[in-house]
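**Student:** For reference, this is input_27.cif, and it has mmCIF, C-alpha atoms and all ligand atoms.
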data_coords
#
loop_
_atom_site.label_atom_id
_atom_site.label_comp_id
_atom_site.auth_asym_id
_atom_site.auth_seq_id
_atom_site.Cartn_x
_atom_site.Cartn_y
_atom_site.Cartn_z
CA MET A 1 52.82 101.20 -5.07
CA GLN A 2 51.95 104.37 -6.96
CA ASN A 3 48.47 105.84 -7.15
CA THR A 4 46.04 104.76 -9.84
CA ILE A 5 43.28 106.52 -11.72
CA GLY A 6 39.87 104.86 -11.68
CA ILE A 7 37.10 105.84 -14.09
CA ASP A 8 33.48 104.85 -13.71
CA LEU A 9 32.05 105.42 -17.17
CA GLY A 10 28.26 105.47 -17.17
CA GLY A 11 25.48 106.48 -19.53
CA THR A 12 24.85 109.74 -17.64
CA SER A 13 28.10 110.62 -15.90
CA ILE A 14 31.83 109.98 -15.95
CA LYS A 15 33.35 109.73 -12.46
CA THR A 16 37.12 109.87 -12.24
CA ALA A 17 39.37 109.67 -9.19
CA LEU A 18 42.98 109.52 -8.13
CA ILE A 19 43.24 106.57 -5.74
CA THR A 20 45.98 105.24 -3.46
CA SER A 21 46.85 101.55 -3.57
CA LYS A 22 45.01 101.25 -0.23
CA GLY A 23 41.79 102.49 -1.81
CA ARG A 24 41.74 106.04 -0.48
CA ILE A 25 40.34 108.62 -2.91
CA ILE A 26 42.66 111.64 -3.08
CA LYS A 27 40.85 113.64 -5.73
CA LYS A 28 37.56 113.14 -7.53
CA TYR A 29 35.93 114.70 -10.58
CA GLU A 30 32.50 114.10 -12.10
CA THR A 31 31.18 115.33 -15.43
CA PRO A 32 28.21 114.51 -17.70
CA THR A 33 28.93 111.78 -20.26
CA GLN A 34 27.00 113.61 -23.01
CA ALA A 35 26.22 110.26 -24.64
CA ASP A 36 23.75 111.98 -27.00
CA LYS A 37 26.62 113.95 -28.58
CA GLY A 38 28.33 110.89 -30.00
CA SER A 39 31.45 108.84 -29.34
CA LYS A 40 34.05 111.56 -30.03
CA THR A 41 32.57 113.87 -27.38
CA VAL A 42 32.42 111.04 -24.85
CA VAL A 43 36.05 110.09 -25.50
CA ASP A 44 37.07 113.78 -25.20
CA ASN A 45 35.19 114.01 -21.89
CA ILE A 46 37.06 110.95 -20.60
CA ILE A 47 40.41 112.45 -21.66
CA SER A 48 39.73 115.84 -20.06
CA SER A 49 38.55 114.13 -16.85
CA ILE A 50 41.88 112.29 -16.62
CA GLU A 51 43.76 115.56 -17.24
CA LYS A 52 41.88 117.21 -14.36
CA ILE A 53 42.72 114.40 -11.93
CA LYS A 54 46.21 113.28 -12.93
CA SER A 55 49.03 114.47 -10.70
CA GLY A 56 52.45 112.97 -10.21
CA LYS A 57 53.41 109.48 -11.36
CA ILE A 58 50.62 106.94 -11.63
CA ALA A 59 50.73 103.14 -11.94
CA GLY A 60 48.02 103.13 -14.59
CA ILE A 61 44.42 103.90 -15.48
CA GLY A 62 41.46 101.55 -15.02
CA ILE A 63 38.12 102.06 -16.75
CA GLY A 64 34.86 100.44 -15.75
CA SER A 65 32.25 100.61 -18.51
CA PRO A 66 28.88 99.14 -19.33
CA GLY A 67 29.29 96.05 -21.50
CA PRO A 68 29.38 94.29 -23.82
CA LEU A 69 33.10 94.80 -24.17
CA ASN A 70 36.24 92.80 -24.77
CA TYR A 71 38.52 93.12 -21.76
CA LYS A 72 41.49 91.57 -23.60
CA THR A 73 41.52 93.98 -26.53
CA GLY A 74 40.13 96.88 -24.49
CA THR A 75 37.33 97.44 -26.99
CA ILE A 76 33.82 98.56 -26.07
CA THR A 77 31.47 96.68 -28.38
CA ASN A 78 27.92 98.08 -28.36
CA PRO A 79 26.49 99.13 -24.97
CA VAL A 80 22.88 100.28 -24.76
CA ASN A 81 23.62 103.59 -22.97
CA LEU A 82 26.78 104.68 -24.79
CA PRO A 83 27.27 105.73 -28.43
CA PHE A 84 30.20 103.32 -28.81
CA ARG A 85 30.38 100.77 -31.59
CA ASN A 86 33.65 98.83 -31.40
CA ILE A 87 35.63 101.69 -29.92
CA PRO A 88 39.21 100.68 -28.94
CA LEU A 89 39.04 102.81 -25.81
CA ARG A 90 42.07 101.29 -24.11
CA LYS A 91 44.30 101.96 -27.12
CA ILE A 92 43.06 105.55 -27.38
CA ILE A 93 43.67 106.35 -23.70
CA GLN A 94 46.96 104.46 -23.64
CA SER A 95 48.45 106.36 -26.56
CA ARG A 96 47.25 109.68 -25.12
CA PHE A 97 48.64 109.21 -21.58
CA LYS A 98 51.53 106.74 -22.17
CA THR A 99 50.60 104.55 -19.22
CA LYS A 100 49.03 101.13 -18.72
CA VAL A 101 45.26 101.17 -19.24
CA PHE A 102 42.78 98.46 -18.29
CA LEU A 103 39.13 98.09 -19.23
CA ASP A 104 36.47 95.88 -17.70
CA ASN A 105 32.72 95.90 -17.29
CA ASP A 106 31.17 97.81 -14.40
CA ALA A 107 29.87 94.72 -12.56
CA ASN A 108 33.31 93.10 -12.61
CA CYS A 109 34.76 96.37 -11.26
CA PHE A 110 32.19 96.38 -8.46
CA ALA A 111 33.10 92.79 -7.50
CA LEU A 112 36.82 93.60 -7.63
CA ALA A 113 36.33 96.68 -5.41
CA GLU A 114 34.55 94.51 -2.84
CA ALA A 115 37.28 91.87 -3.04
CA VAL A 116 40.17 94.31 -2.66
CA PHE A 117 38.76 97.09 -0.46
CA GLY A 118 35.31 96.04 0.74
CA GLN A 119 33.37 93.25 2.39
CA GLY A 120 35.33 90.56 0.55
CA LYS A 121 38.75 91.78 1.67
CA LYS A 122 39.45 88.79 3.92
CA TYR A 123 38.22 86.17 1.45
CA GLU A 124 39.45 84.24 -1.60
CA ASN A 125 36.23 83.71 -3.58
CA ILE A 126 33.94 86.68 -3.94
CA ILE A 127 30.80 87.18 -5.96
CA GLY A 128 29.58 90.73 -6.51
CA ILE A 129 26.03 91.48 -7.63
CA THR A 130 24.85 94.92 -8.74
CA LEU A 131 21.16 95.72 -8.70
CA GLY A 132 20.49 98.71 -10.94
CA THR A 133 18.62 98.88 -14.24
CA GLY A 134 19.58 95.25 -14.63
CA LEU A 135 21.42 92.67 -12.55
CA GLY A 136 25.20 92.56 -13.04
CA GLY A 137 27.57 89.97 -11.68
CA GLY A 138 31.28 89.49 -11.14
CA PHE A 139 33.46 86.66 -9.84
CA VAL A 140 36.75 87.45 -8.16
CA ILE A 141 39.14 84.66 -7.25
CA ASN A 142 42.25 85.60 -5.23
CA LYS A 143 41.78 89.28 -6.13
CA LYS A 144 41.54 88.56 -9.87
CA VAL A 145 38.41 88.85 -11.99
CA TYR A 146 37.36 85.55 -13.56
CA HIS A 147 36.37 86.15 -17.22
CA GLY A 148 35.90 82.68 -18.73
CA ARG A 149 36.36 83.24 -22.46
CA ASN A 150 35.24 86.86 -22.01
CA ASN A 151 31.67 87.10 -20.72
CA ALA A 152 31.67 85.16 -17.45
CA ALA A 153 29.28 86.15 -14.66
CA GLU A 154 26.50 87.54 -16.85
CA LEU A 155 24.29 86.47 -13.98
CA GLY A 156 21.36 88.71 -14.89
CA HIS A 157 20.41 86.39 -17.71
CA MET A 158 20.19 83.22 -15.66
CA THR A 159 16.69 81.77 -16.07
CA ILE A 160 14.75 81.30 -12.87
CA LYS A 161 11.38 80.64 -14.54
CA TYR A 162 11.57 78.87 -17.89
CA ASP A 163 8.12 79.99 -19.03
CA GLY A 164 8.60 83.45 -17.54
CA PRO A 165 8.41 86.86 -19.25
CA LYS A 166 10.32 87.75 -22.40
CA SER A 167 13.76 89.24 -21.82
CA ARG A 168 16.02 91.55 -23.81
CA CYS A 169 18.39 88.57 -23.88
CA LYS A 170 17.31 85.27 -25.44
CA ASN A 171 16.92 83.58 -22.07
CA ASN A 172 13.28 84.39 -21.29
CA GLY A 173 12.28 84.28 -17.64
CA CYS A 174 15.79 85.36 -16.67
CA ILE A 175 16.39 86.82 -13.23
CA GLU A 176 16.57 90.37 -14.60
CA THR A 177 12.89 90.17 -15.46
CA HIS A 178 12.16 89.44 -11.77
CA VAL A 179 14.63 91.58 -9.81
CA ALA A 180 16.52 94.90 -10.26
CA ALA A 181 14.75 97.93 -11.72
CA ARG A 182 13.45 96.08 -14.75
CA GLY A 183 11.88 93.31 -12.70
CA ILE A 184 10.54 95.52 -9.90
CA LYS A 185 8.76 97.66 -12.47
CA ARG A 186 7.08 94.57 -13.88
CA LEU A 187 6.17 93.09 -10.48
CA PHE A 188 4.72 96.37 -9.23
CA ASN A 189 3.14 97.16 -12.57
CA GLY A 190 4.41 100.73 -12.25
CA SER A 191 6.86 103.08 -13.85
CA ASP A 192 9.80 104.22 -11.77
CA PRO A 193 11.28 101.45 -9.58
CA TYR A 194 13.09 104.00 -7.40
CA SER A 195 9.80 105.63 -6.45
CA ILE A 196 8.55 102.16 -5.44
CA CYS A 197 11.42 102.12 -2.91
CA LYS A 198 10.19 105.46 -1.54
CA LEU A 199 6.65 104.10 -1.31
CA ALA A 200 7.91 101.10 0.65
CA LEU A 201 9.69 103.45 3.06
CA LYS A 202 6.35 105.17 3.65
CA GLY A 203 4.76 101.83 4.46
CA ASN A 204 2.85 101.29 1.18
CA LYS A 205 1.67 97.64 1.31
CA LYS A 206 1.80 97.00 -2.45
CA ALA A 207 5.36 98.32 -2.62
CA ILE A 208 6.44 96.21 0.36
CA LYS A 209 4.85 93.12 -1.21
CA THR A 210 6.72 93.82 -4.45
CA PHE A 211 10.05 93.74 -2.60
CA ASP A 212 8.98 90.56 -0.78
CA LYS A 213 8.49 88.87 -4.14
CA MET A 214 11.59 90.39 -5.67
CA GLY A 215 13.66 89.20 -2.69
CA TYR A 216 12.38 85.66 -3.05
CA TYR A 217 13.25 85.58 -6.76
CA LEU A 218 16.67 87.02 -5.99
CA GLY A 219 17.14 84.27 -3.40
CA ILE A 220 16.34 81.61 -6.01
CA GLY A 221 18.98 83.09 -8.31
CA LEU A 222 21.52 83.35 -5.51
CA THR A 223 20.91 79.71 -4.59
CA ASN A 224 21.76 78.67 -8.16
CA ILE A 225 24.89 80.80 -8.09
CA ILE A 226 25.98 79.42 -4.72
CA TYR A 227 25.38 75.84 -5.91
CA ALA A 228 27.65 76.52 -8.88
CA PHE A 229 30.45 78.43 -7.17
CA ASP A 230 30.23 78.01 -3.40
CA PRO A 231 31.92 81.38 -2.79
CA ASP A 232 33.08 82.68 0.60
CA ILE A 233 30.79 85.68 0.33
CA VAL A 234 28.25 87.36 -1.95
CA VAL A 235 28.19 91.16 -1.83
CA ILE A 236 25.19 93.02 -3.20
CA GLY A 237 25.38 96.66 -4.34
CA GLY A 238 23.83 99.06 -6.84
CA LYS A 239 21.06 101.58 -6.32
CA ILE A 240 18.34 98.99 -5.68
CA SER A 241 20.36 97.58 -2.76
CA ASP A 242 19.21 100.69 -0.84
CA SER A 243 15.97 98.72 -0.42
CA TRP A 244 17.90 95.93 1.32
CA LYS A 245 15.69 95.98 4.39
CA PHE A 246 12.64 95.30 2.22
CA PHE A 247 13.98 92.38 0.18
CA SER A 248 16.72 90.73 2.26
CA LYS A 249 14.36 88.75 4.49
CA THR A 250 12.63 86.80 1.69
CA MET A 251 15.96 86.57 -0.16
CA ASN A 252 17.58 84.80 2.80
CA GLU A 253 14.50 82.61 3.30
CA ALA A 254 14.65 81.38 -0.30
CA VAL A 255 18.36 80.56 -0.04
CA LYS A 256 17.87 78.76 3.28
CA GLU A 257 14.93 76.76 1.91
CA ARG A 258 16.71 75.70 -1.25
CA TYR A 259 20.40 75.26 -0.48
CA PHE A 260 21.42 71.79 0.76
CA THR A 261 23.76 72.94 3.51
CA LYS A 262 24.68 76.17 5.29
CA PRO A 263 24.95 78.89 2.63
CA CYS A 264 27.75 81.47 2.50
CA LYS A 265 27.41 85.01 3.82
CA ILE A 266 25.25 87.33 1.72
CA VAL A 267 25.79 90.99 2.61
CA LYS A 268 25.07 94.50 1.39
CA SER A 269 27.94 96.56 0.03
CA ASN A 270 29.11 99.43 2.20
CA LEU A 271 31.63 100.97 -0.19
CA LYS A 272 30.69 104.50 -1.24
CA GLU A 273 32.50 104.60 -4.58
CA ALA A 274 32.74 100.93 -5.56
CA GLY A 275 32.65 101.71 -9.29
CA ILE A 276 35.65 104.04 -9.23
CA LEU A 277 37.59 101.97 -6.68
CA GLY A 278 37.10 98.79 -8.70
CA ALA A 279 38.25 100.49 -11.89
CA GLY A 280 41.37 101.69 -10.08
CA ALA A 281 41.90 98.18 -8.71
CA LEU A 282 42.10 96.81 -12.28
CA VAL A 283 45.58 98.36 -12.35
CA LEU A 284 46.56 96.65 -9.09
CA GLU A 285 45.18 93.32 -10.31
CA LYS A 286 47.70 92.92 -13.15
ZN ZN B 1 17.79 88.23 -19.77
#
Could you write out this structure as structure tokens?

**Tutor:**
Amino acid sequence: MQNTIGIDLGGTSIKTALITSKGRIIKKYETPTQADKGSKTVVDNIISSIEKIKSGKIAGIGIGSPGPLNYKTGTITNPVNLPFRNIPLRKIIQSRFKTKVFLDNDANCFALAEAVFGQGKKYENIIGITLGTGLGGGFVINKKVYHGRNNAAELGHMTIKYDGPKSRCKNNGCIETHVAARGIKRLFNGSDPYSICKLALKGNKKAIKTFDKMGYYLGIGLTNIIYAFDPDIVVIGGKISDSWKFFSKTMNEAVKERYFTKPCKIVKSNLKEAGILGAGALVLEK
């Protein structure tokens, strides 16, 4: 199998890499997205990143992007952090580089990376959860992303408290308002959730208590997910997963308390570049 190119398109940076079919990164390039300069600049930055990385024959290009997007048409609809409004990114990149191009949302790419190269390698049914600004989810069955009609695994908007706080989605009291950066900020009643992680590391009691609560809420959400899908493994990544040691205890307690039999394994991701690897794996998936 030839090498692939994986692109992790984010609101602040574009990470691009040349990857072997075994998941080894041969060459990597990172550049600012320049989202404030509009869609043409962002597309140009993606194109020049690919030019910097591309060498020899490749099997295709995979792009992981914030959603909402349509994976079938390869169109990015209207993400919060990117200046894209119905941009047919796949078509643009495909006609420029004359190779197969695949597009999927970043959480699905994370889950696929775990299924193909990471903690889910030995398993058939994998659920990936990313804890960043929000909570992202992805289902991978036999190394293929499950999409439903298009938007499957939008796990962040699963309600865990029906009379809970208002959410940016319509599903108030959704898990995102209780976990990930958005939820931690609310629980702690502070500003930067990543500084709350640093406070916890220093032994700050309020910060530690915040992660205790957050972990319990996450456990409630995971229980619902496990009831619905009974996967072989759940892998948790994203920047907030760095605080694993502060939230995993209450998370596991909640799942144990609430699930009717022995729950599946719930582990922390240990892939360094899951976003890029998962994007590259989109090419292998087809
Ligand atoms: Zn929501």

**Student:** Could you give me the residues within 9 Å of ligand ZN 1 (chain B), counting all atoms listed in the file, as a PDB file with C-alpha atoms, in the coordinates of the input?

**Tutor:**
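Heads up, here's the output in pocket_3.pdb:
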ATOM      1  CA  GLY A 134      19.580  95.250 -14.630  1.00  0.00           C
ATOM      2  CA  LEU A 155      24.290  86.470 -13.980  1.00  0.00           C
ATOM      3  CA  GLY A 156      21.360  88.710 -14.890  1.00  0.00           C
ATOM      4  CA  HIS A 157      20.410  86.390 -17.710  1.00  0.00           C
ATOM      5  CA  MET A 158      20.190  83.220 -15.660  1.00  0.00           C
ATOM      6  CA  THR A 159      16.690  81.770 -16.070  1.00  0.00           C
ATOM      7  CA  LYS A 166      10.320  87.750 -22.400  1.00  0.00           C
ATOM      8  CA  SER A 167      13.760  89.240 -21.820  1.00  0.00           C
ATOM      9  CA  ARG A 168      16.020  91.550 -23.810  1.00  0.00           C
ATOM     10  CA  CYS A 169      18.390  88.570 -23.880  1.00  0.00           C
ATOM     11  CA  LYS A 170      17.310  85.270 -25.440  1.00  0.00           C
ATOM     12  CA  ASN A 171      16.920  83.580 -22.070  1.00  0.00           C
ATOM     13  CA  ASN A 172      13.280  84.390 -21.290  1.00  0.00           C
ATOM     14  CA  GLY A 173      12.280  84.280 -17.640  1.00  0.00           C
ATOM     15  CA  CYS A 174      15.790  85.360 -16.670  1.00  0.00           C
ATOM     16  CA  ILE A 175      16.390  86.820 -13.230  1.00  0.00           C
ATOM     17  CA  GLU A 176      16.570  90.370 -14.600  1.00  0.00           C
ATOM     18  CA  THR A 177      12.890  90.170 -15.460  1.00  0.00           C
TER      19      THR A 177
END

**Student:** Return the single residue from A:Ser191, A:Asn142, A:Asn81, A:Thr16 that is closest to Glu273 in chain A, with distances computed using all atoms listed in the file.

**Tutor:**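 Among A:Ser191, A:Asn142, A:Asn81, A:Thr16, it is A:Thr16 that comes nearest to Glu273 in chain A.
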
**Student:** Using only C-alpha atoms, which of the listed residues (A:Tyr146, A:Phe110, A:Phe260, A:Phe102) sits closest to Ile236 in chain A?

**Tutor:**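 Checking each candidate against Ile236 in chain A, we get A:Phe110 as the closest.
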
**Student:** Leaving out Pro32 in chain A and any residue of its chain fewer than 5 positions from it, which residues lie within 7 Å of it when counting all atoms listed in the file, given as a PyMOL selection string?

**Tutor:** chain A and resi 12-14

**Student:** So that I can see what lies close to Leu89 in chain A, please list as a PDB file with C-alpha atoms, in the frame of the given file the residues with an atom at most 7 Å from it, counting only C-alpha atoms and leaving out residues fewer than 6 positions away in the same chain.

**Tutor:**
ATOM      1  CA  GLY A  74      40.130  96.880 -24.490  1.00  0.00           C
ATOM      2  CA  THR A  75      37.330  97.440 -26.990  1.00  0.00           C
ATOM      3  CA  ILE A  76      33.820  98.560 -26.070  1.00  0.00           C
TER       4      ILE A  76
END

**Student:** Which residue, A:Ile266, A:Ala254, A:Leu69, A:Ala115, has the smallest gap to Gly221 in chain A when you use all atoms listed in the file?

**Tutor:** A:Ala254
